[in-house]
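Worksheet: one structure, shown below.
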Amino acid sequence: MFSTRSTTVAASGILLLALAACTGGGGGGGGGGEEPADGASGGGATACVAGKTWVLDVADAASQLGAQLASSGMNVIQSEGSGRQSFTFDEGGSASASIDLTYTVTIQQDDLTLTLVQTHGGDPTGEWAWQGGSDSTIVFSNWDNAGYSVQNQFIVNGTSSENTMDIPSDTLGDGSVMTVDCSGDTLTTQVTGSPYTQHWNAEG
């Protein structure tokens, strides 16, 4: 049986890994064989994706996070999200995100209640293109995470931990390839390497 300290360390590590995987917004250099976003490749897919403000279904994202943690053996008693994350693509090949989002995850292990509050904030920007001749795979390049930050706070049995952890922004967004399924005002995305499928709705 884990001691309180070892349980806290183990749970904290799993929570951080799970939440880091949830952030995938693109980033890093793109792969080869890209087509310009406004080129022939992509066709109707470009018209569907571009020119809209896509807003993340935060409740769904938080639910997926909780389910993923539960599948790894964690006793998740709360997994909630609040705030807003949006993404825009234009036909010229520019992309931008606006993030002001908080996930709150609580797990119970014996007499230990551990809550992680993770706050994401910033406005990353970059470029996008269809990968090769695909109309369902986007690759990002020249991604700038400057100003994007993630803060983590641990609360153990109601008491905040002494060490609030900062994750450098350059360790996030390392999935540069994203599959997309766009139909009307709904968009589904999954960044390579992430276990999460993100659902977006066009604003307005």
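Here, A, B, ... name the chains of the structure tokens in the order displayed, residue numbers run from 1 inside each chain, and ligands are numbered from 1 in the same displayed order.
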
Residue neighbourhood A:Gln64, 9 Å, only C-alpha atoms, exclusion window fewer than 3 positions, as a ChimeraX atom specification:
/A:59-61,67-69,79,196-197

I'd like to know which of A:Gly44, A:Ser86, A:Ala70, A:Gln108 is closest to A:Gln198, using only C-alpha atoms.
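For A:Gln198, the nearest of the candidates is A:Ser86.
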
Using only C-alpha atoms for the distances, tell me which of A:Gln151, A:Thr159, A:Ser96, A:Thr119 is nearest to A:Ala50.
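Smallest distance to A:Ala50 is found for A:Ser96.
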
For A:Leu116, which of A:Gln131, A:Thr179, A:Gln78, A:Asn145 is the closest residue, counting only C-alpha atoms?
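Nearest to A:Leu116: A:Gln78.
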
Using only C-alpha atoms for the distances, tell me which of A:Val191, A:Leu112, A:Trp128, A:Tyr103 is nearest to A:Asn75.
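Going through A:Val191, A:Leu112, A:Trp128, A:Tyr103 one by one, the smallest distance to A:Asn75 is for A:Leu112.
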
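Counting only C-alpha atoms, the residue from A:Ala47, A:Ile99, A:Val58, A:Met74 that sits nearest to A:Gly147 is A:Ile99.
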
Can you pull out every residue from stretch 37-157 of chain A that DSSP, working from the backbone, puts in helix (DSSP H, G or I), and format the result as a list in words?
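Residues meeting the helix (DSSP H, G or I) criterion: Gly44, Ala45, Thr46, Ala47, Cys48, Val49, Val58, Ala59, Asp60, Ala61, Ala62, Ser63, Gln64, Leu65, Gly66, Ala67, Gln68, Leu69, Ala70 and Ser71 of chain A.
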
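For the atom pair formed by atom CA of A:Gly81 and atom CA of A:Thr125, the distance is 23.0 Å, given to one decimal.
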
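Using only C-alpha atoms for every distance, the candidate list A:Leu114, A:Val180, A:Ala97, A:Ile138 yields A:Leu114 as the residue closest to A:Ser160.
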
To one decimal in Å, tell me the separation between atom CA of A:Gly51 and atom CA of A:Leu101.
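If I compute the distance from atom CA of A:Gly51 to atom CA of A:Leu101, I get 22.8 Å.
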